[in-house]
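Written out below as structure tokens is the structure these notes cover.
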Amino acid sequence: MSVFWALCRQHMVLAWRGGHTTLAVAFLFIGVTLMPFGLGPELALLQALAPGLLWVVLVMTLLTSLDRVFQADYEDGSLDQMMLMPLPLEFVVLAKLLGHYIALVVPLLLAVPLAGLLLNLAPAHLPMLLLAMAAGSPALVLLGGIGASLAVSVRRGGLLTVLLSLPFYVPVMIFGAGATQQALAGEIDATRLAILCLFSLASLLAAPVAMAAALRNAVR
Amino acid sequence: MTENTMPKPQKKFLPVPYAKPADLQLAGVACTRGMRRLFEGVSFRLKAGDGLALYGPNGSGKTSLLRQIAGFLPLAAGTLSIADKAPYGVHFMGHADALKNALSVGETLAFEAALWGAPKAKDPLLDTDRWLTHLGLEGRAWQAVGDLSAGQRRRLALAKLCLAPRPIWLLDEPMTALDEAGRHLVNALAGAHLAAGGVLVASSHVPLDFTTDALTLGAAA
């Protein structure tokens, strides 16, 4: 188990030192800042669209951050070593993605309330939005990890990662944005929240197996 | 510069006798990459204390054979058996040194020790300064790995061989980029590994001192 945490911590340290955390948060803010330029500064319109826009920007930020999650390891030979670690590869990838989640997704979620201000998000929508994002984001990271592991041996595979992962993101997006949009201000949509948790738990079971298989294929 | 000042490796950093004697057996192994058959009919058996040197021209399949033994590459034909079916009994040291440029040398050692499950009881294993002296990297604990030279990176990559005792070592051109003292270090590590009852397969373009046997791939090509 100490191997698991060492891997997780190593990934976090590398994400922080490599500036990935800062870049992802900056990307989120820039994406959100662009929205009023495209949609016009009408406050009522922005307020109505804010939850959906925040979801889209979060998904885009996650996808752009995920393309390097295994690629650096593939290029510097760490992937070979990951095959030989005293921990099954399924747990090795899980440790890395947990590190990715703590180092990148948690700061992003913390930045969402502030980014919401830029879109005139109604404060009463915020709790439901954050709950839905917290429930759905593990699924987003895990499913994106499958795309990243499939594209690992492709140079400049970032766009391929996005292309492979986006279809899987559709259900999470539907229920995540839906939960926030439909719920009346201040209410909690427990059904959709439960479905989002289901997505996250199901991908927690399936994604490590898929990622490990893809990576085993990549080290050939 | 520091070639002659490097101290001899200390005994406590060298491999200790392995719990089970290693036994690695290949029979009729073949390898195909793309449409090309690199080699076929490779058979040998290595028992505790045997070190096999792999020679052969570029592209003859030395690295591929090592990757097959490590389990990365499927066998095109033949069988491979490793005594003591413990799944994580193999060290593979490839061309890529698997080091992270953003970490410091000391952090790398600490991470490696944790990653490879170095036994906590052996405290000196985690004594970074002594490790660095052992590897000829004294005083560099705070230096970023990205600032090391190719040979120094190679020395740092050697650390994991000793951090986790594993009876089978696969070394892909272990002497690359190393100076004389570095090659001496590899010789000492490999010699101690074999004396401890391990086996190793090392590919090389230069003669290796520590191997007991040699196999030349693709001699006809």
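We name chains A, B, ... following the order of the structure tokens; residues begin at 1 in each chain, and ligands are numbered from 1 as shown.
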Give the residues of chain A that lie within 6 Å of chain B; count only C-alpha atoms, and format the answer as JSON, numbers by chain. {"A": [3, 76, 77, 78, 84, 86, 220]}
Any idea what's packed within 9 Å of range 128-132 of chain B, counting only C-alpha atoms, ignoring anything in its chain fewer than 5 positions away? Could you give it as number ranges by chain? B: 13, 105-106, 109-110, 137-141, 156, 159
Quick one: write out the picked residues with N, CA and C atoms as a compact mmCIF listing (two decimals), in the first residue's frame?
# COMPACT_ATOMS: atom_id res chain seq x y z
N PHE B 13 25.50 -2.06 0.78
CA PHE B 13 24.63 -1.61 -0.30
C PHE B 13 24.52 -2.65 -1.42
N VAL B 105 17.78 14.83 -6.89
CA VAL B 105 18.40 13.51 -6.78
C VAL B 105 17.97 12.80 -5.50
N GLY B 106 17.93 13.55 -4.40
CA GLY B 106 17.53 12.95 -3.12
C GLY B 106 16.09 12.49 -3.15
N LEU B 109 15.72 9.24 -5.05
CA LEU B 109 16.10 8.06 -4.26
C LEU B 109 15.00 7.69 -3.27
N ALA B 110 14.43 8.71 -2.61
CA ALA B 110 13.38 8.43 -1.63
C ALA B 110 12.16 7.81 -2.30
N LEU B 137 27.71 10.06 -6.57
CA LEU B 137 26.96 11.30 -6.78
C LEU B 137 26.96 12.13 -5.49
N GLU B 138 28.06 12.07 -4.72
CA GLU B 138 28.05 12.71 -3.42
C GLU B 138 27.82 14.22 -3.53
N GLY B 139 27.06 14.74 -2.58
CA GLY B 139 26.80 16.17 -2.53
C GLY B 139 25.81 16.67 -3.56
N ARG B 140 25.12 15.76 -4.23
CA ARG B 140 24.19 16.22 -5.27
C ARG B 140 22.74 15.98 -4.90
N ALA B 141 22.46 15.74 -3.61
CA ALA B 141 21.10 15.40 -3.21
C ALA B 141 20.09 16.48 -3.62
N LEU B 156 22.38 7.06 -11.19
CA LEU B 156 21.20 7.18 -10.34
C LEU B 156 20.20 6.07 -10.64
N ALA B 159 20.43 2.76 -8.84
CA ALA B 159 20.03 2.65 -7.44
C ALA B 159 18.91 1.64 -7.25
With a distance cut-off of 10 Å and only C-alpha atoms, select the neighbouring residues of Leu53 in chain A, excluding the residue or stretch itself and same-chain residues fewer than 6 positions from it, and output the selection as an NGL selection string. :A and (31-32 or 35 or 46-47 or 59 or 116 or 119 or 177)
Please identify all polymer residues within 9 Å of range 59-62 of chain B, counting only C-alpha atoms, omitting same-chain residues fewer than 3 positions from it, and present them as a list in words.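 Here the qualifying residues turn out to be Cys31, Leu38, Phe39, Leu54, Tyr55, Gly56, Leu65, Leu66, Arg67, Asp172, Ala202, Ser203, Ser204, Thr216, Leu217, Gly218, Ala219 and Ala221 of chain B.
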Determine, counting only C-alpha atoms, which protein, DNA and RNA residues have an atom within 6 Å of an atom of Asp23 in chain B; residues of the same chain fewer than 4 positions away are not included. Present the result as a CSV table (one decimal) with C-alpha atoms, in the first residue's frame.
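Once everything was written out, this is result-v4.csv:
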chain,number,residue,atom,x,y,z
B,46,LEU,CA,20.4,-19.7,-16.3
B,47,LYS,CA,20.8,-20.9,-12.7
B,82,ILE,CA,11.0,-18.4,-14.4
B,83,ALA,CA,11.4,-20.4,-11.2
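Near Val141 in chain A, within a cut-off of 8 Å and counting only C-alpha atoms, sit the residues Leu62, Leu66, Leu97 and Tyr101 of chain A, with same-chain residues fewer than 6 positions away left out.
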Please give the complete set of residues from range 4-204 of chain B that DSSP, run on the backbone, assigns to strand (DSSP E), formatted as number ranges by chain. B: 23-33, 36-47, 51-55, 77-82, 90-93, 168-172, 199-203
List every residue of range 23-218 of chain B that DSSP, applied to the backbone of this structure, places in alpha helix (DSSP H), and write the result as a ChimeraX atom specification. /B:62-70,105-115,128-135,150-163,180-195
Taking C-alpha atoms for each residue, export the selection above as a PDB file, in the first residue's frame.
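Written out: result_34.pdb:
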ATOM      1  CA  LYS B  62      18.950  -7.852 -28.055  1.00  0.00           C
ATOM      2  CA  THR B  63      16.550  -5.351 -26.520  1.00  0.00           C
ATOM      3  CA  SER B  64      13.550  -7.309 -27.800  1.00  0.00           C
ATOM      4  CA  LEU B  65      14.780 -10.493 -26.125  1.00  0.00           C
ATOM      5  CA  LEU B  66      15.231  -8.623 -22.834  1.00  0.00           C
ATOM      6  CA  ARG B  67      11.738  -7.160 -23.148  1.00  0.00           C
ATOM      7  CA  GLN B  68      10.373 -10.636 -23.810  1.00  0.00           C
ATOM      8  CA  ILE B  69      11.962 -11.966 -20.633  1.00  0.00           C
ATOM      9  CA  ALA B  70      10.588  -8.974 -18.715  1.00  0.00           C
ATOM     10  CA  VAL B 105      18.404  13.510  -6.783  1.00  0.00           C
ATOM     11  CA  GLY B 106      17.533  12.953  -3.123  1.00  0.00           C
ATOM     12  CA  GLU B 107      13.802  12.924  -3.827  1.00  0.00           C
ATOM     13  CA  THR B 108      14.329  10.447  -6.631  1.00  0.00           C
ATOM     14  CA  LEU B 109      16.100   8.061  -4.257  1.00  0.00           C
ATOM     15  CA  ALA B 110      13.381   8.431  -1.627  1.00  0.00           C
ATOM     16  CA  PHE B 111      10.654   7.836  -4.204  1.00  0.00           C
ATOM     17  CA  GLU B 112      12.459   4.843  -5.658  1.00  0.00           C
ATOM     18  CA  ALA B 113      12.903   3.365  -2.192  1.00  0.00           C
ATOM     19  CA  ALA B 114       9.171   3.711  -1.537  1.00  0.00           C
ATOM     20  CA  LEU B 115       8.148   2.594  -5.031  1.00  0.00           C
ATOM     21  CA  THR B 128      20.452   9.208   1.108  1.00  0.00           C
ATOM     22  CA  ASP B 129      23.957  10.594   1.580  1.00  0.00           C
ATOM     23  CA  ARG B 130      25.545   7.192   1.857  1.00  0.00           C
ATOM     24  CA  TRP B 131      23.628   6.036  -1.158  1.00  0.00           C
ATOM     25  CA  LEU B 132      24.837   8.968  -3.195  1.00  0.00           C
ATOM     26  CA  THR B 133      28.444   8.328  -2.152  1.00  0.00           C
ATOM     27  CA  HIS B 134      27.941   4.728  -3.152  1.00  0.00           C
ATOM     28  CA  LEU B 135      26.726   5.799  -6.599  1.00  0.00           C
ATOM     29  CA  ALA B 150      23.969  11.246 -19.047  1.00  0.00           C
ATOM     30  CA  GLY B 151      26.444   9.185 -17.036  1.00  0.00           C
ATOM     31  CA  GLN B 152      25.250  10.591 -13.730  1.00  0.00           C
ATOM     32  CA  ARG B 153      21.648   9.774 -14.663  1.00  0.00           C
ATOM     33  CA  ARG B 154      22.762   6.251 -15.432  1.00  0.00           C
ATOM     34  CA  ARG B 155      24.367   5.956 -11.994  1.00  0.00           C
ATOM     35  CA  LEU B 156      21.203   7.184 -10.335  1.00  0.00           C
ATOM     36  CA  ALA B 157      19.150   4.690 -12.320  1.00  0.00           C
ATOM     37  CA  LEU B 158      21.364   1.904 -10.923  1.00  0.00           C
ATOM     38  CA  ALA B 159      20.029   2.647  -7.443  1.00  0.00           C
ATOM     39  CA  LYS B 160      16.797   0.753  -7.945  1.00  0.00           C
ATOM     40  CA  LEU B 161      18.692  -2.464  -8.670  1.00  0.00           C
ATOM     41  CA  CYS B 162      19.812  -2.517  -5.043  1.00  0.00           C
ATOM     42  CA  LEU B 163      16.777  -0.889  -3.423  1.00  0.00           C
ATOM     43  CA  GLU B 180      35.570   4.044 -15.821  1.00  0.00           C
ATOM     44  CA  ALA B 181      34.451   4.411 -12.208  1.00  0.00           C
ATOM     45  CA  GLY B 182      30.837   3.967 -13.315  1.00  0.00           C
ATOM     46  CA  ARG B 183      31.685   0.792 -15.181  1.00  0.00           C
ATOM     47  CA  HIS B 184      33.512  -0.397 -12.086  1.00  0.00           C
ATOM     48  CA  LEU B 185      30.326   0.254 -10.101  1.00  0.00           C
ATOM     49  CA  VAL B 186      28.228  -1.812 -12.537  1.00  0.00           C
ATOM     50  CA  ASN B 187      30.794  -4.610 -12.353  1.00  0.00           C
ATOM     51  CA  ALA B 188      30.704  -4.569  -8.552  1.00  0.00           C
ATOM     52  CA  LEU B 189      26.902  -4.539  -8.398  1.00  0.00           C
ATOM     53  CA  ALA B 190      26.506  -7.275 -10.990  1.00  0.00           C
ATOM     54  CA  GLY B 191      29.229  -9.395  -9.418  1.00  0.00           C
ATOM     55  CA  ALA B 192      27.621  -9.160  -5.991  1.00  0.00           C
ATOM     56  CA  HIS B 193      24.218  -9.917  -7.517  1.00  0.00           C
ATOM     57  CA  LEU B 194      25.545 -13.102  -9.114  1.00  0.00           C
ATOM     58  CA  ALA B 195      27.381 -14.071  -5.940  1.00  0.00           C
TER      59      ALA B 195
END
